[in-house]
Structures are given as structure tokens and as C-alpha cells.
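Structure record follows, encoded as C-alpha cells.
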Amino acid sequence: MALLSLKGLKKSFGSIEVLRGIDLEINPSEVIGLVGDNGAGKSTLMKSITGVYSLDEGMIGFQNQDVTTLPPGERRARGIEMIYQDLALAPQQDIANNIFLGREPTKRLWGFLPGFVDKEKIDAEALKMIDRLGARIPSIHVPVGRLSGGQQQTVAIARALTFDPKLVIMDEPTAALAVREVEGVLKLIEQMRDAGIAVILISHRLNDIFAACQRIVVLRRGSVIADLQREATDMNEVVSYIVGAHG
Amino acid sequence: MLSRLHIRLESLIVLVVLSAGMALLSPVFLSVNNLFNIILATATFGVLAIGATFVISSAGLDLSLGSVLGLSSVVGAALVVTLEWPWYFAILGSLIAGTLAGAVNGFIVTRGMVPAFIVTLGMLGIARGLALIISGGRGIYGLPNEILFLGQARPLGVPTPVFILALVAVISHYILAHTRFGHHTLALGDNEAAAKATGIDINRQRMLLYMLSGLMAGIAGLIFTARVNTGDPTAGLNYELLAITAAIIGGTNLFGGRGSILGTMIGALIMGVLQNGLNLLAVQAYYQQMAIGMVLIAAVWLDQVRDRKRS
């Protein structure tokens, strides 16, 4: 049974048709690579899955439920997480608050004042998650804007993994990283798969795609033009689909 | 300790140095009566500054604060004096008028077609005009004692507006620093796209923030009415300048993402001391306006320099 199923997704911005009827199914613990040229519609497709964009047409099913019209927060609550290329972090807020952004646990202050954000719990849980990811950060209370690119990436990943996601979308997670850090991300994807999490990896680096994904989906001009198993293809074929040599 | 309370050391130093300077220049400055004067004057725009802090830390702006204060002053007084409704309608009317004006601001801002700067600048004109129309351009005098209590009484020797400001400040601090609403406000001001992506309903958040700002103007309008025993259509003229300046020198980031109510209270006190001191030194009101404007520009300038150094 598919975890995520997309049926006939269409989306236009003004007169430009960015998604022209996308059909795709993704199973639990499946790692798929989504590739395509700039402007192929990858980001639009992903933001439609997370609910940041609303669709013109089509249906998004997640765990056999129609989530097409749900807002982003509701979809996160059901287990759809995305790590954005720009990381979508709030630079002046601290690491812990960024990890819990939009999901702050609350308690009653002194037993009766409602809605008090449980900062101690946030800090403790955030620290646990950062440790699990094996990252070195100066303190959980540092504003995210003062961290290095790799450290910020870790915060974004920690935010996606803290709430037991079922599906994690990663948009160019390795683009800004050093070689050693790239290996860390690829290893993390492996761990997520082993934990039963499905992953959609968007990347321009085909090496990373081939290293991490069993299945490779090529998007071109708003349509899926190839859906390939890694064993049955190679980089040349994928590149030829990306550039449109197959028509 | 200071950072836990979200107060900047610099603003405290400025407050202390400024007060010490005024005390040296004027023997009256430190008298109990004068200190009450300062804090009483601060109370009105201090409440406005709290509204400004919420909105500015979400990367918004509310230029209509002073005019909405005037509108709510007139509405409250008109209900009770002109229409002869019971006294509590002055309270309800003032608060509702402020909140409604804020709701209109919020509604238009969240439609996304007009920037907050323009919406609230427009409301600055609209609310002032409305206040003048409702009052016929004249003050509405003769409020009942229950209302005057809110501005002129001194329970335990302390003016009521000071209690009101303290109560509003404590609740607001709780909201901004310790609730999800506060966290989301700062996140929205810090990175709107991130706030949206993590599931925060940013339109609802904005709407509530502008309503909250309007409510603060309503409370300030009520205090003003009670203090001067008048529903005054010109009340709060230029107060947005004071309120925004207080918020900024209190450490609120003009571009959003950082703000603290306690910091704003320090900022409001700085403005209160500055105004009062200049009064004591017999500096003309015209020059005071200039001084406040310069403080605002200098505060933002210094903040920018500091941020640039950091990054």
C-alpha cells in the first residue's frame, strides 16, 4: 500500500503551467531521487505535497487519506516533513526553538497559567536530537543565524526528525556541504530508511542520488517522464531524460 | 539575569545615565511628585509601546496607534456622556473601538496587497478623522467617577494608570516571551517563509497581532480619557512616534524577530524621563519633538551598526 499517492497534480502560476498532471506513488521506507532541470517543477511539486502551495487540480493521498486541502501544519502533524533548501530557519531564534518551531509543547505555569511554552522540555529534547545526529554545536541557546551552514543544516534535519515523520522531503540537502558532511547526510538517509521512513531526495548531484536512492524519478516541464529503478539504469540514461533527449 | 528577562544592559545604562543627568541639572527631578509625573505620563504611551512591540517584532508596523488612541477616547466618552449609557460602556467602547480599528488594519494587511506601512498610515488618518467627526471636533467632558478613578485615583499612593500599565506589561510579557503565540510572533518576524512552512497560520497570527495592537491603543485611550476627564479627539497626537521609539530603544528589532516587553518598558521610561527632563529644563515642546525624532533615528542606526558588526 502506497504511503503517498499523487494523482493528476496540476498547478499554474499565472499563465505558466508548472505542474501538468503529476502521478506518483511512494511506499514506506522507499528512498526516491527526484531529478530534473531547473524549472522542471521539483520545488513546486514538493511545496504542494507539504501544503505550502495549494493545487489547481489533483489529489494527494497520504496513508490512505485525502490531504489535498489540509494546511501545512496539519500535514506535518500527519508525518510529512520537508527540509528546505534555504533551510527555513528563524535566524534570531535559538537552536532549540527552531527545532520545535510550530510544535512547541506547553504546560501550566505554577499549575494554573495556561499556554506556557515548556522551554525546559524543548531544550532537553532538542539537545537529545542534536546529539543523536552527532553534531557539534556550541550551545542549544545560540541563535541559528550564528551557526555555520553545516550546523544550520543539522538544525533543519533535527526539526524534521523530532516528530516521528513518515515521509521526509529533502531539497538539495548536500548542495552547500563539505564532502565529509555529505557522507553524513547520505548515511542519515540510510538510517531513516531503516527506521521505516520514506525519503524524497531532490538533488542536482547525481552521485548522491545514485548512492542513496533505489528509485529515480525524472521530472521534465511539469511531468514525470521517467520512473527508473537504480539497478536498471545508469547516469547517462538519467541525464538524457533530464535534458530531454528522450523527447 | 538581564538576558533571561530579555532586557538589554545598554538601555538600562542609558536610563540610569539620563536620569542622573536630569537629577544633576534639575533639583526637582528626583522629587516623589515628579517621579510620579514621569511614570504617569509614561503609562499612556507605555501601553501603546507594548502594542508596537508585538507588531514590530512580527516584522509589521502600526503607525495608527496614536490616532486609534484618540478614536477610542472619543468613542468611550461619547457613549457615556453623550448617550448617557452606564459608565462601563466607556471601558467597553474604548477597548472595542481600538480592537476594531486594529482588526481593519489586520484584515487589509493579511490580504497582502497593501503593505502594513501604508495600511496603518491610512488608518492614522481615518481614525483621527473619525474621532473628530464623532466629537464634532470638541472634547467630550464630564465623565463619571468610576472612569476618572482609572486615571486620577492613587490607590496605595500610586496612580491607577501605573497599575494598569504594570498589569498589561506583565500579561504581555507572559504572552510574548512564554506562549506559543509569542514564539510564533517572533518566528513570523524572523522568517515568514519558515513560519509558514512549519505550519504556523501566519494570516491568523498577523490578524491577532494588529487586533492586539489596537486593543492596546484602546486601553491607552481609556487611560487618557480618565486622566484628563475628556474624550479628546486630538488625544495621542504623535504618540506613535513615542511608542515606536520606546519599543526600538528597548531592543525590539525594527525588521522583526526580536522583541521584549520588559525592554520596551525600559525604553518607555527613557522617553518619559527625556520628556519630563526637557520640560523641567524649560525646553520648548517644539524642540522636544525634534529630540524624540532624533532618538528614534539614532536608536535604529545604532542597532543596524551593531547587527552588521555581529554578522
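Ordering of the C-alpha cells sets the chain letters (A, B, ...); residue numbers start at 1 within each chain; ligands are numbered from 1 in the order shown.
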- Identify every residue of chain B that has at least one atom within 12 Å of any atom of chain A, counting only C-alpha atoms, and report the result as an MDAnalysis selection string. chainID B and resid 3:4 57:58 171 173:202 205 252:253 255:259 307 310:311
Can you tell me, as a PDB file with C-alpha atoms, in the first residue's frame, what residues are no more than 12 Å from B:Ile7 when counting only C-alpha atoms, ignoring any on the same chain fewer than 4 positions away?
```pdb
ATOM      1  CA  MET B   1      19.865  37.560  34.562  1.00  0.00           C
ATOM      2  CA  LEU B   2      19.165  40.526  32.300  1.00  0.00           C
ATOM      3  CA  SER B   3      19.143  38.380  29.215  1.00  0.00           C
ATOM      4  CA  SER B  11      19.066  50.525  27.652  1.00  0.00           C
ATOM      5  CA  LEU B  12      19.332  50.264  31.422  1.00  0.00           C
ATOM      6  CA  ILE B  13      22.581  52.225  31.354  1.00  0.00           C
ATOM      7  CA  HIS B 173       5.474  39.747  28.716  1.00  0.00           C
ATOM      8  CA  ALA B 177       8.111  35.519  25.904  1.00  0.00           C
ATOM      9  CA  ALA B 247       9.975  49.808  21.529  1.00  0.00           C
ATOM     10  CA  ILE B 249      15.338  51.607  22.121  1.00  0.00           C
ATOM     11  CA  GLY B 250      14.019  48.815  24.306  1.00  0.00           C
ATOM     12  CA  GLY B 251      15.614  46.327  21.926  1.00  0.00           C
ATOM     13  CA  THR B 252      12.824  45.425  19.514  1.00  0.00           C
ATOM     14  CA  ARG B 258      13.289  40.122  18.326  1.00  0.00           C
ATOM     15  CA  GLY B 259      11.267  41.998  20.899  1.00  0.00           C
ATOM     16  CA  SER B 260      10.762  42.183  24.630  1.00  0.00           C
ATOM     17  CA  ILE B 261       8.049  43.826  26.672  1.00  0.00           C
ATOM     18  CA  LEU B 262      10.337  44.467  29.638  1.00  0.00           C
ATOM     19  CA  GLY B 263      12.875  46.040  27.300  1.00  0.00           C
ATOM     20  CA  THR B 264      10.111  48.227  25.885  1.00  0.00           C
ATOM     21  CA  MET B 265       9.173  49.312  29.412  1.00  0.00           C
ATOM     22  CA  ILE B 266      12.755  50.498  29.921  1.00  0.00           C
ATOM     23  CA  GLY B 267      12.518  52.241  26.561  1.00  0.00           C
TER      24      GLY B 267
END
```
- Item | DSSP-assigned alpha helix (DSSP H) among stretch 170-266 of chain B, expressed as a VMD selection string | chain B and resid 170 to 178 180 to 190 192 to 197 202 to 228 239 to 249 261 to 266
Could you please take those selected residues and save C-alpha atoms as a PDB file, in the first residue's frame?
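Below is the file part22.pdb, written as the result:
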```pdb
ATOM      1  CA  VAL B 170       3.168  41.551  32.891  1.00  0.00           C
ATOM      2  CA  ILE B 171       0.451  39.816  30.864  1.00  0.00           C
ATOM      3  CA  SER B 172       2.048  40.942  27.608  1.00  0.00           C
ATOM      4  CA  HIS B 173       5.474  39.747  28.716  1.00  0.00           C
ATOM      5  CA  TYR B 174       3.981  36.371  29.512  1.00  0.00           C
ATOM      6  CA  ILE B 175       2.365  36.221  26.078  1.00  0.00           C
ATOM      7  CA  LEU B 176       5.367  37.377  24.046  1.00  0.00           C
ATOM      8  CA  ALA B 177       8.111  35.519  25.904  1.00  0.00           C
ATOM      9  CA  HIS B 178       6.388  32.372  27.083  1.00  0.00           C
ATOM     10  CA  ARG B 180       3.211  29.722  21.518  1.00  0.00           C
ATOM     11  CA  PHE B 181       1.610  32.936  20.284  1.00  0.00           C
ATOM     12  CA  GLY B 182       4.753  34.828  21.305  1.00  0.00           C
ATOM     13  CA  HIS B 183       7.117  32.267  19.798  1.00  0.00           C
ATOM     14  CA  HIS B 184       5.156  32.372  16.553  1.00  0.00           C
ATOM     15  CA  THR B 185       5.178  36.171  16.552  1.00  0.00           C
ATOM     16  CA  LEU B 186       8.973  36.262  16.699  1.00  0.00           C
ATOM     17  CA  ALA B 187       9.299  33.445  14.164  1.00  0.00           C
ATOM     18  CA  LEU B 188       6.977  35.271  11.774  1.00  0.00           C
ATOM     19  CA  GLY B 189       9.076  38.409  12.115  1.00  0.00           C
ATOM     20  CA  ASP B 190      12.289  36.456  11.714  1.00  0.00           C
ATOM     21  CA  GLU B 192       7.930  34.450   7.266  1.00  0.00           C
ATOM     22  CA  ALA B 193       8.520  31.543   4.896  1.00  0.00           C
ATOM     23  CA  ALA B 194       9.894  29.401   7.724  1.00  0.00           C
ATOM     24  CA  ALA B 195       6.945  30.253   9.932  1.00  0.00           C
ATOM     25  CA  LYS B 196       4.558  29.236   7.191  1.00  0.00           C
ATOM     26  CA  ALA B 197       6.455  26.064   6.349  1.00  0.00           C
ATOM     27  CA  ILE B 202       0.626  33.413   9.561  1.00  0.00           C
ATOM     28  CA  ASN B 203      -2.510  35.248   8.462  1.00  0.00           C
ATOM     29  CA  ARG B 204      -4.299  34.441  11.700  1.00  0.00           C
ATOM     30  CA  GLN B 205      -1.168  35.426  13.599  1.00  0.00           C
ATOM     31  CA  ARG B 206      -0.968  38.805  11.835  1.00  0.00           C
ATOM     32  CA  MET B 207      -4.663  39.470  12.287  1.00  0.00           C
ATOM     33  CA  LEU B 208      -4.429  38.821  16.028  1.00  0.00           C
ATOM     34  CA  LEU B 209      -1.305  40.966  16.348  1.00  0.00           C
ATOM     35  CA  TYR B 210      -2.928  44.019  14.782  1.00  0.00           C
ATOM     36  CA  MET B 211      -6.031  43.472  16.900  1.00  0.00           C
ATOM     37  CA  LEU B 212      -3.836  43.264  19.967  1.00  0.00           C
ATOM     38  CA  SER B 213      -2.107  46.468  18.955  1.00  0.00           C
ATOM     39  CA  GLY B 214      -5.494  48.135  18.524  1.00  0.00           C
ATOM     40  CA  LEU B 215      -6.602  46.850  21.911  1.00  0.00           C
ATOM     41  CA  MET B 216      -3.534  48.474  23.469  1.00  0.00           C
ATOM     42  CA  ALA B 217      -4.470  51.760  21.805  1.00  0.00           C
ATOM     43  CA  GLY B 218      -7.947  51.283  23.274  1.00  0.00           C
ATOM     44  CA  ILE B 219      -6.555  50.793  26.782  1.00  0.00           C
ATOM     45  CA  ALA B 220      -4.284  53.809  26.363  1.00  0.00           C
ATOM     46  CA  GLY B 221      -7.259  55.827  25.111  1.00  0.00           C
ATOM     47  CA  LEU B 222      -9.203  54.904  28.205  1.00  0.00           C
ATOM     48  CA  ILE B 223      -6.343  55.961  30.481  1.00  0.00           C
ATOM     49  CA  PHE B 224      -6.047  59.233  28.592  1.00  0.00           C
ATOM     50  CA  THR B 225      -9.780  59.950  28.874  1.00  0.00           C
ATOM     51  CA  ALA B 226      -9.753  59.225  32.593  1.00  0.00           C
ATOM     52  CA  ARG B 227      -6.660  61.325  33.262  1.00  0.00           C
ATOM     53  CA  VAL B 228      -7.914  64.481  31.611  1.00  0.00           C
ATOM     54  CA  TYR B 239       2.162  59.204  20.242  1.00  0.00           C
ATOM     55  CA  GLU B 240       3.048  56.577  17.649  1.00  0.00           C
ATOM     56  CA  LEU B 241       6.412  58.305  17.468  1.00  0.00           C
ATOM     57  CA  LEU B 242       6.892  57.863  21.213  1.00  0.00           C
ATOM     58  CA  ALA B 243       5.590  54.297  21.216  1.00  0.00           C
ATOM     59  CA  ILE B 244       7.679  53.069  18.307  1.00  0.00           C
ATOM     60  CA  THR B 245      10.781  54.825  19.656  1.00  0.00           C
ATOM     61  CA  ALA B 246      10.265  53.252  23.083  1.00  0.00           C
ATOM     62  CA  ALA B 247       9.975  49.808  21.529  1.00  0.00           C
ATOM     63  CA  ILE B 248      13.077  50.256  19.382  1.00  0.00           C
ATOM     64  CA  ILE B 249      15.338  51.607  22.121  1.00  0.00           C
ATOM     65  CA  ILE B 261       8.049  43.826  26.672  1.00  0.00           C
ATOM     66  CA  LEU B 262      10.337  44.467  29.638  1.00  0.00           C
ATOM     67  CA  GLY B 263      12.875  46.040  27.300  1.00  0.00           C
ATOM     68  CA  THR B 264      10.111  48.227  25.885  1.00  0.00           C
ATOM     69  CA  MET B 265       9.173  49.312  29.412  1.00  0.00           C
ATOM     70  CA  ILE B 266      12.755  50.498  29.921  1.00  0.00           C
TER      71      ILE B 266
END
```
- Message: Nearest residue to A:Ala195 out of A:Val31, A:Ile60, A:Leu219, A:Met1, using only C-alpha atoms?
- Response: A:Val31
- Mind pulling up the distance from atom CA of B:Leu40 to atom CA of B:Val16? 18.5 Å
- Item | Contact residues around A:Ser12 with only C-alpha atoms at 10 Å, ignoring same-chain residues under 4 positions, as a list in words |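 My reading of the contact set: Ile16, Glu17, Val18, Leu19, Arg20, Thr44, Leu55, Asp56, Glu57 and Gly222 of chain A.
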- Task: Please provide the set of residues having any atom within 8 Å of stretch 125-140 of chain B, restricted to only C-alpha atoms, with same-chain residues fewer than 5 positions apart removed, written as a list in words.
- Result: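 Neighbouring residues, sequence-local ones excluded: Ser64, Ser67, Val68, Gly70, Leu71, Ser72, Val74, Val75, Ala77, Ala78, Val81, Thr82, Ala101, Thr230, Gly231, Asp232, Pro233 and Thr234 of chain B.
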- Task: Go ahead and compute the interatomic distance for atom CA of B:Val14 and atom CA of B:Leu302, in Å to one decimal.
- Result: 13.3 Å
- Message: Please return, as a list in words, all residues of stretch 44-135 of chain A that DSSP assigns to strand (DSSP E) on the basis of the backbone.
- Response: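 After running DSSP on the backbone, stretch 44-135 of chain A has strand (DSSP E) at Glu57, Gly58, Met59, Ile60, Gly61, Phe62, Gln65, Asp66, Ile80, Glu81, Met82, Ile83, Thr106, Lys107, Arg108, Leu109, Leu113, Pro114, Gly115, Phe116 and Val117 of chain A.
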Could the residues in this selection be written to a file with N, CA and C atoms, as a compact mmCIF listing (two decimals), in the first residue's frame?
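Listed below is the output, result23.txt:
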```txt
# COMPACT_ATOMS: atom_id res chain seq x y z
N GLU A 57 -5.50 21.44 -9.40
CA GLU A 57 -6.23 20.20 -9.68
C GLU A 57 -5.45 19.04 -9.13
N GLY A 58 -6.13 17.92 -8.89
CA GLY A 58 -5.45 16.71 -8.48
C GLY A 58 -5.69 16.36 -7.03
N MET A 59 -5.17 15.19 -6.64
CA MET A 59 -5.43 14.68 -5.30
C MET A 59 -4.14 14.16 -4.68
N ILE A 60 -3.93 14.51 -3.40
CA ILE A 60 -2.79 13.99 -2.67
C ILE A 60 -3.31 13.08 -1.57
N GLY A 61 -2.94 11.80 -1.66
CA GLY A 61 -3.34 10.87 -0.61
C GLY A 61 -2.13 10.53 0.25
N PHE A 62 -2.35 10.50 1.57
CA PHE A 62 -1.25 10.14 2.47
C PHE A 62 -1.81 9.16 3.49
N GLN A 65 -5.46 8.63 3.18
CA GLN A 65 -6.40 9.71 3.46
C GLN A 65 -6.13 10.89 2.53
N ASP A 66 -7.20 11.54 2.15
CA ASP A 66 -7.06 12.68 1.26
C ASP A 66 -6.57 13.89 2.06
N ILE A 80 4.31 14.39 7.36
CA ILE A 80 5.03 14.86 6.17
C ILE A 80 5.96 16.00 6.58
N GLU A 81 7.25 15.79 6.47
CA GLU A 81 8.22 16.83 6.84
C GLU A 81 9.04 17.19 5.62
N MET A 82 9.49 18.43 5.57
CA MET A 82 10.37 18.82 4.47
C MET A 82 11.54 19.61 5.01
N ILE A 83 12.72 19.29 4.48
CA ILE A 83 13.90 20.09 4.79
C ILE A 83 14.17 20.97 3.58
N THR A 106 3.46 22.79 25.58
CA THR A 106 3.14 23.76 26.62
C THR A 106 2.76 23.04 27.91
N LYS A 107 2.81 23.80 28.98
CA LYS A 107 2.35 23.28 30.28
C LYS A 107 1.67 24.43 31.00
N ARG A 108 1.17 24.15 32.20
CA ARG A 108 0.58 25.22 33.00
C ARG A 108 1.63 25.75 33.96
N LEU A 109 1.86 27.08 33.91
CA LEU A 109 2.83 27.67 34.83
C LEU A 109 2.23 27.71 36.22
N LEU A 113 -1.53 28.77 35.14
CA LEU A 113 -1.49 29.68 34.00
C LEU A 113 -1.31 28.89 32.70
N PRO A 114 -2.27 28.97 31.79
CA PRO A 114 -2.24 28.09 30.62
C PRO A 114 -1.27 28.56 29.53
N GLY A 115 -0.91 27.65 28.65
CA GLY A 115 -0.19 28.00 27.44
C GLY A 115 1.26 28.36 27.62
N PHE A 116 1.85 27.99 28.73
CA PHE A 116 3.25 28.33 28.99
C PHE A 116 4.14 27.36 28.21
N VAL A 117 4.94 27.91 27.30
CA VAL A 117 5.80 27.06 26.49
C VAL A 117 6.84 26.39 27.39
```
- Item | Residues near A:Gly184, cut-off 12 Å, only C-alpha atoms, skip fewer than 3 positions along chain, as a list in words |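 So the residues in contact are Leu133, Gly134, Ala135, Gly150, Gln153, Thr154, Ile157, Pro173, Thr174, Leu177, Ala178, Val179, Arg180, Glu181, Lys187, Leu188, Ile189, Glu190, Gln191, Asp208 and Ala212 of chain A.
For the atom pair formed by atom CA of A:Thr68 and atom CA of A:Ala156, the distance is 24.7 Å, given to one decimal.
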